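A.B. asks: Provided herewith: my_file_22.cif, mmCIF, C-alpha atoms.
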```cif
data_data
#
loop_
_atom_site.label_atom_id
_atom_site.label_comp_id
_atom_site.auth_asym_id
_atom_site.auth_seq_id
_atom_site.Cartn_x
_atom_site.Cartn_y
_atom_site.Cartn_z
CA MET T 656 -75.19 72.81 4.36
CA ASN T 657 -77.85 70.13 4.18
CA VAL T 658 -77.41 66.52 3.26
CA ASP T 659 -80.43 64.29 2.92
CA ALA T 660 -81.07 61.76 5.66
CA ILE T 661 -80.08 58.26 4.67
CA LYS T 662 -82.50 55.36 4.50
CA ASN T 663 -80.36 52.30 5.15
CA GLY T 664 -76.65 52.61 5.76
CA ILE T 665 -74.18 54.07 8.19
CA VAL T 666 -72.95 57.40 9.44
CA ILE T 667 -69.36 57.66 10.52
CA ASP T 668 -69.35 60.58 12.91
CA HIS T 669 -66.83 62.41 15.10
CA ILE T 670 -64.03 61.92 12.62
CA GLN T 671 -61.08 64.08 13.54
CA ALA T 672 -61.17 67.12 11.22
CA GLY T 673 -59.03 66.43 8.16
CA LYS T 674 -59.16 62.64 8.46
CA GLY T 675 -62.39 62.21 6.52
CA MET T 676 -60.68 61.84 3.17
CA GLU T 677 -58.25 59.26 4.59
CA ILE T 678 -61.17 57.17 5.83
CA TYR T 679 -63.03 57.65 2.54
CA ARG T 680 -60.02 56.33 0.67
CA PHE T 681 -59.35 53.53 3.15
CA LEU T 682 -62.93 52.26 2.81
CA ASN T 683 -62.62 52.66 -0.96
CA LEU T 684 -66.05 54.29 -0.97
CA GLU T 685 -65.96 55.30 -4.60
CA ALA T 686 -66.13 51.61 -5.50
CA TYR T 687 -69.59 50.90 -4.09
CA GLY T 688 -71.83 53.01 -6.30
CA CYS T 689 -74.12 54.03 -3.43
CA PRO T 690 -74.68 57.64 -2.45
CA VAL T 691 -71.89 58.89 -0.15
CA ALA T 692 -71.52 62.28 1.49
CA LEU T 693 -68.19 63.38 2.91
CA MET T 694 -68.52 66.52 5.00
CA MET T 695 -65.39 68.20 6.23
CA ASN T 696 -64.87 70.81 8.93
CA VAL T 697 -68.39 70.56 10.28
CA THR T 698 -68.86 72.55 13.47
CA SER T 699 -68.99 70.34 16.55
CA ARG T 700 -69.67 71.28 20.16
CA GLN T 701 -67.47 68.47 21.39
CA MET T 702 -64.63 68.69 18.92
CA GLY T 703 -64.69 72.19 17.47
CA ASN T 704 -64.51 70.83 13.96
CA LYS T 705 -65.07 67.32 12.73
CA ASP T 706 -65.62 65.35 9.54
CA ILE T 707 -68.63 63.12 8.86
CA ILE T 708 -69.22 60.44 6.25
CA LYS T 709 -72.72 59.29 5.38
CA ILE T 710 -73.12 56.15 3.32
CA ASP T 711 -76.55 55.30 1.98
CA GLY T 712 -76.10 51.59 1.35
CA GLU T 713 -74.35 48.44 2.42
CA ILE T 714 -70.56 48.39 2.05
CA GLY T 715 -69.75 45.15 3.88
CA VAL T 716 -66.32 45.99 5.30
CA ASP T 717 -64.96 45.60 8.81
CA LEU T 718 -65.45 49.04 10.29
CA ASN T 719 -63.50 48.15 13.42
CA MET T 720 -60.40 49.03 11.42
CA LEU T 721 -61.50 52.65 11.83
CA GLY T 722 -60.69 52.25 15.52
CA TYR T 723 -57.05 52.17 14.49
CA ILE T 724 -57.21 55.01 11.97
CA ASP T 725 -59.18 57.35 14.22
CA PRO T 726 -60.09 55.97 17.67
CA GLY T 727 -62.59 58.78 18.32
CA VAL T 728 -65.07 57.94 15.56
CA THR T 729 -68.59 56.75 16.23
CA ILE T 730 -70.67 54.64 13.90
CA ASP T 731 -74.44 54.97 13.58
CA VAL T 732 -76.22 52.10 11.90
CA ILE T 733 -79.31 53.39 10.09
CA GLU T 734 -82.29 51.27 9.14
CA ASN T 735 -85.45 52.77 7.68
CA GLU T 736 -84.11 56.25 8.44
CA THR T 737 -83.73 55.39 12.12
CA CYS T 738 -80.52 54.95 14.06
CA VAL T 739 -80.77 51.39 15.41
CA ARG T 740 -77.27 51.13 16.83
CA LYS T 741 -74.51 53.52 17.75
CA TYR T 742 -71.05 52.32 18.69
CA ARG T 743 -67.42 53.23 18.91
CA PRO T 744 -65.26 50.74 16.99
CA GLU T 745 -62.88 48.68 19.11
CA LEU T 746 -59.22 48.50 18.23
CA PRO T 747 -59.02 45.59 15.79
CA GLU T 748 -57.03 42.55 16.91
CA GLN T 749 -55.31 42.56 13.55
CA ILE T 750 -54.61 45.16 10.91
CA ARG T 751 -54.29 43.59 7.51
CA ASP T 752 -53.00 45.27 4.36
CA VAL T 753 -53.54 48.80 5.61
CA VAL T 754 -49.96 49.82 6.36
CA ARG T 755 -46.62 48.34 5.40
CA CYS T 756 -43.88 47.31 7.81
CA LYS T 757 -41.10 49.88 7.82
CA ASN T 758 -38.40 47.58 9.16
CA PRO T 759 -35.98 47.18 6.22
CA ARG T 760 -34.84 43.84 7.67
CA CYS T 761 -38.38 42.40 7.65
CA ILE T 762 -39.13 39.60 5.17
CA SER T 763 -42.30 41.44 4.13
CA THR T 764 -40.21 44.24 2.64
CA VAL T 765 -38.65 41.88 0.10
CA GLU T 766 -41.51 39.46 -0.48
CA GLN T 767 -44.08 41.95 -1.60
CA GLU T 768 -46.94 39.48 -2.03
CA LEU T 769 -47.00 38.66 1.69
CA PRO T 770 -50.02 40.10 3.46
CA GLN T 771 -49.04 42.97 5.73
CA ILE T 772 -50.37 41.97 9.11
CA PHE T 773 -49.94 43.71 12.44
CA ARG T 774 -51.22 42.20 15.66
CA LEU T 775 -52.50 44.17 18.66
CA VAL T 776 -50.13 43.38 21.53
CA ASP T 777 -50.94 46.17 23.97
CA LYS T 778 -54.45 47.54 23.86
CA ARG T 779 -53.90 50.27 26.43
CA ASN T 780 -50.99 51.76 24.56
CA LYS T 781 -52.49 50.98 21.14
CA LEU T 782 -49.40 49.02 20.24
CA TYR T 783 -49.32 46.79 17.18
CA ARG T 784 -46.42 44.63 16.06
CA CYS T 785 -45.63 43.11 12.68
CA ILE T 786 -46.35 39.37 12.75
CA TYR T 787 -43.12 38.64 10.89
CA CYS T 788 -40.43 40.78 12.53
CA ASP T 789 -42.21 42.12 15.66
CA GLY T 790 -41.50 45.63 14.42
CA ARG T 791 -43.64 48.30 16.08
CA LEU T 792 -46.32 50.03 14.10
CA ASP T 793 -45.86 53.75 14.80
CA MET A 578 -45.91 23.01 18.63
CA ASN A 579 -45.70 22.46 14.87
CA SER A 580 -42.75 24.76 14.38
CA LEU A 581 -40.32 26.62 16.58
CA ILE A 582 -39.95 30.25 15.63
CA ARG A 583 -39.29 31.95 18.97
CA ILE A 584 -38.39 30.64 22.40
CA THR A 585 -41.79 31.56 23.82
CA ASP A 586 -43.42 29.08 21.42
CA LEU A 587 -42.31 26.58 24.05
CA THR A 588 -43.85 26.42 27.49
CA VAL A 589 -41.61 26.11 30.53
CA GLU A 590 -42.79 22.48 30.81
CA GLU A 591 -41.82 21.78 27.19
CA ILE A 592 -38.39 23.29 27.78
CA ASP A 593 -37.97 21.09 30.87
CA GLU A 594 -38.96 18.08 28.78
CA LEU A 595 -36.40 18.98 26.08
CA ILE A 596 -33.67 19.44 28.66
CA ASP A 597 -34.54 16.08 30.23
CA THR A 598 -34.38 14.39 26.83
CA ALA A 599 -31.05 16.10 26.04
CA ASN A 600 -29.64 14.89 29.36
CA ASP A 601 -30.85 11.39 28.61
CA ILE A 602 -29.21 11.54 25.17
CA ILE A 603 -25.92 12.59 26.80
CA GLU A 604 -26.10 9.68 29.23
CA ASN A 605 -27.44 7.05 26.82
CA PRO A 606 -26.34 7.96 23.29
CA ALA A 607 -26.71 4.41 21.98
CA LYS A 608 -30.43 4.46 22.78
CA TYR A 609 -30.91 7.30 20.29
CA ALA A 610 -28.44 6.29 17.58
CA GLU A 611 -31.04 4.96 15.15
CA VAL A 612 -34.28 6.63 16.22
CA CYS A 613 -34.41 8.86 13.14
CA HIS A 614 -33.34 6.23 10.65
CA GLY A 615 -34.79 7.08 7.24
CA LYS A 616 -35.73 10.63 8.26
CA LYS A 617 -34.33 13.69 6.55
CA LEU A 618 -33.51 17.11 7.94
CA ALA A 619 -33.23 19.94 5.39
CA THR A 620 -30.89 22.68 6.54
CA LEU A 621 -31.71 25.79 4.55
CA PHE A 622 -29.10 28.36 5.41
CA PHE A 623 -29.47 31.54 3.42
CA GLU A 624 -26.63 33.25 5.25
CA PRO A 625 -23.29 31.97 6.47
CA SER A 626 -23.18 29.92 9.64
CA THR A 627 -20.70 27.43 10.96
CA ARG A 628 -21.66 26.18 14.36
CA THR A 629 -25.44 26.32 14.08
CA ARG A 630 -25.59 24.45 10.77
CA LEU A 631 -22.98 21.91 11.80
CA SER A 632 -24.66 21.28 15.13
CA PHE A 633 -28.03 20.72 13.44
CA GLU A 634 -26.43 18.36 10.96
CA ALA A 635 -24.41 16.53 13.61
CA ALA A 636 -27.59 16.23 15.69
CA MET A 637 -29.52 14.58 12.86
CA TYR A 638 -26.65 12.22 11.99
CA GLU A 639 -26.33 11.17 15.62
CA LEU A 640 -30.02 10.32 15.63
CA GLY A 641 -29.43 8.05 12.63
CA GLY A 642 -31.08 10.39 10.15
CA CYS A 643 -29.85 12.10 6.97
CA VAL A 644 -29.32 15.71 6.02
CA LEU A 645 -30.20 17.65 2.87
CA SER A 646 -28.32 20.90 2.89
CA VAL A 647 -28.42 24.31 1.26
CA SER A 648 -25.56 26.20 2.77
CA GLU A 649 -25.81 29.54 1.02
CA GLY A 650 -28.58 31.51 -0.60
CA ALA A 651 -26.67 31.93 -3.85
CA SER A 652 -26.79 28.19 -4.56
CA SER A 653 -30.52 27.85 -3.95
CA SER A 654 -33.54 28.70 -6.04
CA ALA A 655 -33.96 31.79 -3.86
CA ALA A 656 -31.24 33.26 -6.05
CA LYS A 657 -33.64 32.79 -8.98
CA GLY A 658 -36.28 34.74 -7.16
CA GLU A 659 -38.27 31.93 -5.58
CA SER A 660 -40.34 33.01 -2.60
CA ILE A 661 -39.83 31.61 0.88
CA ALA A 662 -43.34 30.18 0.71
CA ASP A 663 -42.61 28.21 -2.47
CA THR A 664 -39.24 27.05 -1.16
CA ALA A 665 -40.91 25.78 2.02
CA ARG A 666 -43.66 23.97 0.11
CA THR A 667 -41.12 22.33 -2.20
CA VAL A 668 -38.65 21.30 0.48
CA SER A 669 -41.54 19.77 2.44
CA CYS A 670 -41.83 17.26 -0.42
CA TYR A 671 -38.32 15.95 0.27
CA ALA A 672 -37.61 16.41 3.97
CA ASP A 673 -39.30 15.48 7.24
CA ILE A 674 -38.19 18.60 9.06
CA ILE A 675 -36.58 21.93 8.12
CA ALA A 676 -34.03 24.09 9.93
CA MET A 677 -33.85 27.53 8.35
CA ARG A 678 -31.53 30.47 8.79
CA HIS A 679 -32.28 33.62 6.84
CA PRO A 680 -30.99 37.19 7.00
CA LYS A 681 -34.53 38.60 6.86
CA GLU A 682 -36.53 38.77 10.06
CA GLY A 683 -39.63 36.60 9.94
CA ALA A 684 -38.52 34.41 7.02
CA PRO A 685 -38.68 31.14 9.01
CA TYR A 686 -42.14 32.14 10.23
CA VAL A 687 -43.28 32.56 6.62
CA ALA A 688 -41.76 29.16 5.87
CA SER A 689 -43.64 27.61 8.80
CA LEU A 690 -46.94 28.96 7.47
CA ASN A 691 -46.37 27.22 4.15
CA ALA A 692 -44.40 24.07 4.92
CA SER A 693 -46.20 20.79 5.56
CA VAL A 694 -43.36 19.67 7.84
CA PRO A 695 -42.08 21.29 11.06
CA VAL A 696 -39.80 24.31 10.66
CA ILE A 697 -37.11 25.29 13.16
CA ASN A 698 -35.88 28.86 13.12
CA ALA A 699 -32.09 28.62 13.10
CA GLY A 700 -31.71 32.40 13.28
CA ASP A 701 -33.49 35.17 11.37
CA GLY A 702 -31.23 38.21 11.22
CA GLY A 703 -31.04 39.97 14.55
CA HIS A 704 -34.49 38.75 15.52
CA ASN A 705 -34.84 35.26 17.02
CA HIS A 706 -32.53 32.32 17.53
CA PRO A 707 -34.49 29.94 19.78
CA THR A 708 -32.14 26.97 19.55
CA GLN A 709 -29.29 29.12 20.88
CA THR A 710 -31.49 29.97 23.84
CA LEU A 711 -32.34 26.30 24.37
CA THR A 712 -28.61 25.60 24.29
CA ASP A 713 -28.06 28.27 26.93
CA LEU A 714 -30.83 26.89 29.14
CA LEU A 715 -29.50 23.34 28.91
CA THR A 716 -26.05 24.61 29.80
CA ILE A 717 -27.26 26.57 32.82
CA ARG A 718 -29.28 23.59 34.05
CA ARG A 719 -26.38 21.19 33.62
CA GLU A 720 -23.84 23.50 35.18
CA LYS A 721 -25.92 25.02 37.97
CA GLY A 722 -28.47 22.26 38.59
CA GLU A 723 -31.51 24.51 38.12
CA LEU A 724 -32.85 27.40 36.07
CA GLY A 725 -34.10 29.71 38.81
CA ASN A 726 -32.73 31.44 41.90
CA MET A 727 -29.59 32.96 40.46
CA THR A 728 -27.98 36.21 39.41
CA ILE A 729 -27.16 36.37 35.74
CA GLY A 730 -24.78 38.98 34.42
CA VAL A 731 -25.06 39.70 30.71
CA CYS A 732 -22.14 41.64 29.37
CA GLY A 733 -21.14 43.35 26.15
CA ASP A 734 -23.47 44.24 23.32
CA LEU A 735 -26.87 44.22 24.95
CA LYS A 736 -28.36 46.47 22.30
CA PHE A 737 -28.05 44.31 19.20
CA GLY A 738 -27.36 40.92 20.78
CA ARG A 739 -30.38 38.76 19.96
CA THR A 740 -29.08 35.91 22.13
CA VAL A 741 -29.18 38.19 25.15
CA HIS A 742 -32.74 39.33 24.49
CA SER A 743 -33.97 35.76 24.08
CA LEU A 744 -32.05 34.55 27.11
CA ILE A 745 -33.57 37.31 29.25
CA GLU A 746 -37.03 36.48 27.92
CA ALA A 747 -36.57 32.77 28.61
CA MET A 748 -34.94 33.11 32.04
CA SER A 749 -37.50 35.66 33.20
CA ARG A 750 -40.03 32.81 33.33
CA TYR A 751 -38.17 31.13 36.20
CA PRO A 752 -38.46 32.22 39.85
CA GLY A 753 -35.76 34.06 41.72
CA VAL A 754 -33.79 35.23 38.69
CA ARG A 755 -31.97 38.56 38.91
CA PHE A 756 -30.19 40.28 36.03
CA ILE A 757 -27.14 42.50 36.03
CA LEU A 758 -26.85 44.27 32.70
CA ILE A 759 -23.25 45.22 31.96
CA SER A 760 -22.56 47.30 28.87
CA PRO A 761 -21.16 50.57 27.63
CA GLU A 762 -23.75 53.37 27.47
CA GLU A 763 -24.02 53.03 23.69
CA LEU A 764 -24.86 49.32 23.82
CA LYS A 765 -27.38 49.27 26.65
CA LEU A 766 -30.32 46.90 26.59
CA PRO A 767 -33.10 48.44 24.43
CA SER A 768 -35.82 50.03 26.51
CA TYR A 769 -38.52 47.82 24.95
CA VAL A 770 -36.78 44.66 26.22
CA LYS A 771 -36.37 46.23 29.64
CA LYS A 772 -39.94 47.46 29.72
CA ASP A 773 -41.71 44.52 28.04
CA ILE A 774 -39.89 41.76 29.90
CA ILE A 775 -37.88 42.78 32.95
CA GLN A 776 -40.04 45.58 34.32
CA ARG A 777 -43.39 44.07 33.36
CA LYS A 778 -42.50 40.88 35.22
CA ARG A 779 -41.05 42.91 38.11
CA ILE A 780 -37.72 41.17 37.93
CA GLU A 781 -34.87 42.52 39.99
CA TYR A 782 -32.17 44.05 37.79
CA LYS A 783 -29.27 46.46 37.81
CA GLN A 784 -27.53 48.31 35.02
CA THR A 785 -23.85 49.06 35.17
CA THR A 786 -20.79 49.71 33.09
CA ASP A 787 -18.47 48.12 35.66
CA LEU A 788 -17.86 44.41 35.10
CA GLU A 789 -15.23 43.99 37.79
CA GLY A 790 -17.42 45.56 40.45
CA VAL A 791 -20.28 43.10 39.94
CA MET A 792 -18.23 39.94 39.42
CA PRO A 793 -18.57 38.70 43.05
CA ALA A 794 -22.38 38.81 42.79
CA LEU A 795 -22.73 36.67 39.69
CA ASP A 796 -23.75 33.03 39.37
CA VAL A 797 -23.66 33.16 35.58
CA LEU A 798 -21.70 35.56 33.38
CA TYR A 799 -22.95 35.59 29.80
CA MET A 800 -20.42 37.37 27.59
CA THR A 801 -21.29 38.57 24.09
CA ARG A 802 -19.34 39.78 21.12
CA VAL A 803 -19.66 43.31 19.82
CA GLN A 804 -20.74 42.57 16.25
CA ARG A 805 -19.05 44.59 13.52
CA GLU A 806 -21.98 44.05 11.12
CA ARG A 807 -24.40 45.92 13.41
CA PHE A 808 -22.50 49.22 13.23
CA LEU A 809 -22.93 51.88 10.61
CA SER A 810 -19.56 53.40 11.39
CA GLU A 811 -16.33 51.44 11.62
CA GLU A 812 -14.97 54.08 14.00
CA GLU A 813 -17.78 53.48 16.47
CA TYR A 814 -17.22 49.73 16.26
CA LEU A 815 -13.49 50.07 16.90
CA ARG A 816 -14.15 52.33 19.85
CA LEU A 817 -16.56 49.89 21.50
CA LYS A 818 -15.35 46.46 20.46
CA ASP A 819 -12.94 45.96 23.35
CA SER A 820 -15.11 47.55 26.04
CA TYR A 821 -14.99 44.36 28.10
CA ILE A 822 -12.28 41.75 28.08
CA LEU A 823 -12.63 38.94 30.55
CA THR A 824 -9.21 37.99 31.89
CA PRO A 825 -7.92 35.58 34.56
CA GLU A 826 -7.38 38.67 36.78
CA LYS A 827 -11.07 39.55 36.60
CA MET A 828 -12.01 35.90 37.19
CA ARG A 829 -10.33 36.14 40.61
CA TRP A 830 -13.27 38.28 41.74
CA ALA A 831 -15.83 35.67 40.74
CA LYS A 832 -17.47 33.01 42.91
CA PRO A 833 -15.78 29.62 42.75
CA ASP A 834 -18.89 28.13 41.15
CA MET A 835 -19.75 30.96 38.78
CA ILE A 836 -19.92 29.92 35.12
CA VAL A 837 -18.84 31.90 32.06
CA MET A 838 -20.96 31.43 28.95
CA HIS A 839 -20.63 32.79 25.42
CA PRO A 840 -22.70 31.99 22.30
CA LEU A 841 -19.49 32.01 20.23
CA PRO A 842 -17.72 32.98 18.07
CA ARG A 843 -15.66 35.12 20.40
CA VAL A 844 -13.21 37.75 19.27
CA ASN A 845 -11.41 39.57 22.07
CA GLU A 846 -14.00 39.65 24.80
CA ILE A 847 -12.72 36.54 26.58
CA SER A 848 -8.99 36.14 26.87
CA VAL A 849 -7.77 32.74 25.70
CA ALA A 850 -6.09 32.41 29.09
CA VAL A 851 -9.56 32.04 30.66
CA ASP A 852 -10.27 28.87 28.63
CA ASP A 853 -8.45 26.64 31.11
CA ASP A 854 -10.50 27.90 34.04
CA PRO A 855 -13.05 25.17 34.87
CA ARG A 856 -15.68 27.88 35.21
CA ALA A 857 -15.34 28.70 31.49
CA CYS A 858 -18.05 26.56 29.95
CA TYR A 859 -18.52 28.04 26.47
CA PHE A 860 -17.13 25.02 24.66
CA ARG A 861 -19.27 22.70 26.76
CA GLN A 862 -22.12 25.06 25.83
CA ALA A 863 -21.35 24.57 22.11
CA LEU A 864 -21.48 20.81 22.62
CA ASN A 865 -24.78 21.11 24.45
CA GLY A 866 -26.11 22.83 21.32
CA LYS A 867 -25.94 19.52 19.49
CA TYR A 868 -27.73 17.58 22.24
CA ILE A 869 -30.58 20.04 22.66
CA ARG A 870 -31.08 20.11 18.89
CA MET A 871 -31.25 16.32 18.92
CA ALA A 872 -33.94 16.52 21.59
CA LEU A 873 -35.79 19.17 19.62
CA ILE A 874 -35.70 17.27 16.31
CA LEU A 875 -37.03 14.20 18.10
CA LYS A 876 -39.85 16.08 19.80
CA MET A 877 -40.92 17.86 16.64
CA LEU A 878 -40.83 14.75 14.46
CA LYS A 879 -42.87 12.87 17.05
CA GLU A 880 -45.43 15.66 17.33
CA ALA A 881 -45.73 15.86 13.56
CA GLY A 882 -46.45 12.12 13.46
CA ARG A 883 -43.29 11.42 11.51
CA LEU A 884 -41.68 9.12 14.04
#
```
Using structure tokens, write down the structure that the file contains.
C.D. replies:
Amino acid sequence: MNVDAIKNGIVIDHIQAGKGMEIYRFLNLEAYGCPVALMMNVTSRQMGNKDIIKIDGEIGVDLNMLGYIDPGVTIDVIENETCVRKYRPELPEQIRDVVRCKNPRCISTVEQELPQIFRLVDKRNKLYRCIYCDGRLD
Amino acid sequence: MNSLIRITDLTVEEIDELIDTANDIIENPAKYAEVCHGKKLATLFFEPSTRTRLSFEAAMYELGGCVLSVSEGASSSAAKGESIADTARTVSCYADIIAMRHPKEGAPYVASLNASVPVINAGDGGHNHPTQTLTDLLTIRREKGELGNMTIGVCGDLKFGRTVHSLIEAMSRYPGVRFILISPEELKLPSYVKKDIIQRKRIEYKQTTDLEGVMPALDVLYMTRVQRERFLSEEEYLRLKDSYILTPEKMRWAKPDMIVMHPLPRVNEISVAVDDDPRACYFRQALNGKYIRMALILKMLKEAGRL
């Protein structure tokens, strides 16, 4: 299967097979109007199978959040059809409005308009806690 | 410090300063009798409380200030669906400082993000209760002369008891503290408290189910109530509620200068016969709660530029 090379944009590579759609939805890629290719179950020497997303355009979102969703992903920044930077997103210090706190005693479960914020408290163990109730994000 | 949500919002130095002020208030009450004249404390209590609310209110009155009080959620605009954020913004228009208790964890934190006056967490569900911990620290300092170099036994419900978790967190910042954790198997200290605080800071500790056996080693015995409201099954509560009852017989095993503390209210866990023992200091502890809250109100009003 061939997908055209992109001119200016990003390639999200090494996505765990099956997670591509989750990332597509998280980044809300249908909203940007630029060409997007989501490839699933692509053969990979490293991973066996993987998903890839190619975005031909600027989407202006914090891609470090992907470090939480799938810590293995790599991001290639493409300019004039050339990869100018390749990096693995760091775990974000804060996760905002991605997941909801599951602690039924947390104030954020009754006051729905509160932003859902989890703070990274233990990088090594990838542990986030709710800023309101300290509940663990599992 | 604009607000006090958890005990670790305060540095060890700030806690020392609060304890020093509280001691000065105890020794020189007249000096503080009018310092908050014209200032108002709003006590917003969205769930029932006797001693915490009264001690906050008594503290403000003894500083010469006034109190605006909401003593139950049903009588406030929260019952009409007002958000914590809006309540905090509105109350900030009338009061100089807010003490809030709420059944939902994190509610006082939300209030602190939206209020333009300092907010004190007066207990948010089973989560944090920093002024109880300050009360405990003042009591230990007054009774034992220092906050380090001692063996503290915490006994009873170590699983759900928020006062125990906060006390362990606060005391673990002082040198030479050892913990003996005494509870039935079902009410052991949660592993995250053990791991995140005791083990991470490499503090010496021991877990046991035998209170009598460890009594001679203790400098402080902190008793807690097994709380009915934390159990899903009444049967389980009834089975565990009387796991430990401190009696004069057990007190015979204790050091002559050991102290017995309890956040109160007690049910059966300390026999009334122990009350006359000079080592029983839980009512002195309750009194200390007023003095440390006076010190805290003063500090926060000063820092907010309202005094």
A.B. asks: Just the number, please: distance in Å from CA of Val668 (chain A) to CA of Arg739 (chain A), one decimal.
C.D. replies: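 We find that CA of Val668 (chain A) and CA of Arg739 (chain A) lie 27.4 Å from each other.
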A.B. asks: Any idea what's packed within 12 Å of Gly866 (chain A), counting only C-alpha atoms, ignoring anything in its chain fewer than 5 positions away? Could you give it as a ChimeraX atom specification?
C.D. replies: /A:595-596,599-600,603,628-636,699,707-716,840-841,859-861,871-873
A.B. asks: What do you get, as a ChimeraX atom specification, if you spell out every residue that the PyMOL selection byres ((chain T and resi 671) around 8) selects here?
C.D. replies: /T:669-670,672-675,702,704-706,725,727-728
A.B. asks: Would you write out, as an MDAnalysis selection string, every residue that the PyMOL selection byres ((chain A and resi 579) around 12) captures in this file?
C.D. replies: chainID A and resid 578 580:582 586:587 674:675 686 688:698 873:874 876:883
A.B. asks: Pull out every residue that the PyMOL selection byres ((chain T) within 9 of (chain A)) matches in the shown coordinates and put them as a list of chain:residue names.
C.D. replies: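 Those residues are T:Pro759, T:Arg760, T:Cys761, T:Ile762, T:Ser763, T:Val765, T:Glu766, T:Leu769, T:Ile786, T:Tyr787, T:Cys788, T:Asp789.
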A.B. asks: Select, from A:Met835, A:Leu764, A:Val770, A:Met677, the residue with the minimum atom-to-atom distance to Gly730 (chain A), counting all atoms listed in the file.
C.D. replies: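 With all atoms listed in the file as the atom set, the closest residue is A:Met835.
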A.B. asks: Between CA of Arg802 (chain A) and CA of Lys818 (chain A), what distance in Å does the model show, to one decimal?
C.D. replies: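 CA of Lys818 (chain A) lies 7.8 Å from CA of Arg802 (chain A).
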A.B. asks: From the set A:Arg719, A:Arg750, A:Lys617, A:Arg816, which residue has the shortest atom-to-atom contact distance to Thr588 (chain A), counting only C-alpha atoms?
C.D. replies: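 Counting only C-alpha atoms, the residue closest to Thr588 (chain A) is A:Arg750.
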A.B. asks: When distances are computed from all atoms listed in the file, which of T:Glu768, T:Glu713, T:Asp668, T:Glu736 shows the smallest separation from Leu684 (chain T)?
C.D. replies: T:Glu713
A.B. asks: Show me as a ChimeraX atom specification the residues that reach within 9 Å of (-74.2, 58.3, 1.9), counting only C-alpha atoms and using the file's own coordinates.
C.D. replies: /T:658-661,664-666,689-693,708-712
A.B. asks: Taking only C-alpha atoms into account, which of A:Tyr821, A:Tyr868, A:Tyr671, A:Tyr799 comes nearest Ile836 (chain A)?
C.D. replies: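 Result for the nearest residue to Ile836 (chain A): A:Tyr799.
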A.B. asks: Which polymer residues have any atom within 10 Å of an atom of Glu746 (chain A), counting only C-alpha atoms, with same-chain residues fewer than 6 positions away left out, as a ChimeraX atom specification?
C.D. replies: /A:584-585,710,740,770-771,773-775
A.B. asks: Measure the distance from CA of Leu735 (chain A) to CA of Val776 (chain T) in Å and round it to one decimal.
C.D. replies: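 Distance reported for this atom pair: 23.5 Å.
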A.B. asks: A:Glu591, A:Asn605, A:Ala676, A:Gly700: which is nearest Leu618 (chain A), counting all atoms listed in the file?
C.D. replies: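 Closest candidate: A:Ala676.
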A.B. asks: Quick one: residues within 10 Å of region 791-793 of chain T, all atoms listed in the file counted, chain neighbours fewer than 2 positions away excluded, as number ranges by chain?
C.D. replies: T: 754-758, 773-776, 781-786, 788-789
A.B. asks: Nearest to Lys778 (chain T) among T:Asp717, T:Glu685, T:Glu745, T:Glu734, with distances taken over all atoms listed in the file: which residue is it?
C.D. replies: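 Of all the options, T:Glu745 lies closest to Lys778 (chain T).
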A.B. asks: Excluding Ser848 (chain A) and its own-chain neighbours fewer than 5 positions away, which residues fall within 9 Å of it when counting all atoms listed in the file? Please give them as JSON, numbers by chain.
C.D. replies: {"A": [822, 823, 824, 825]}
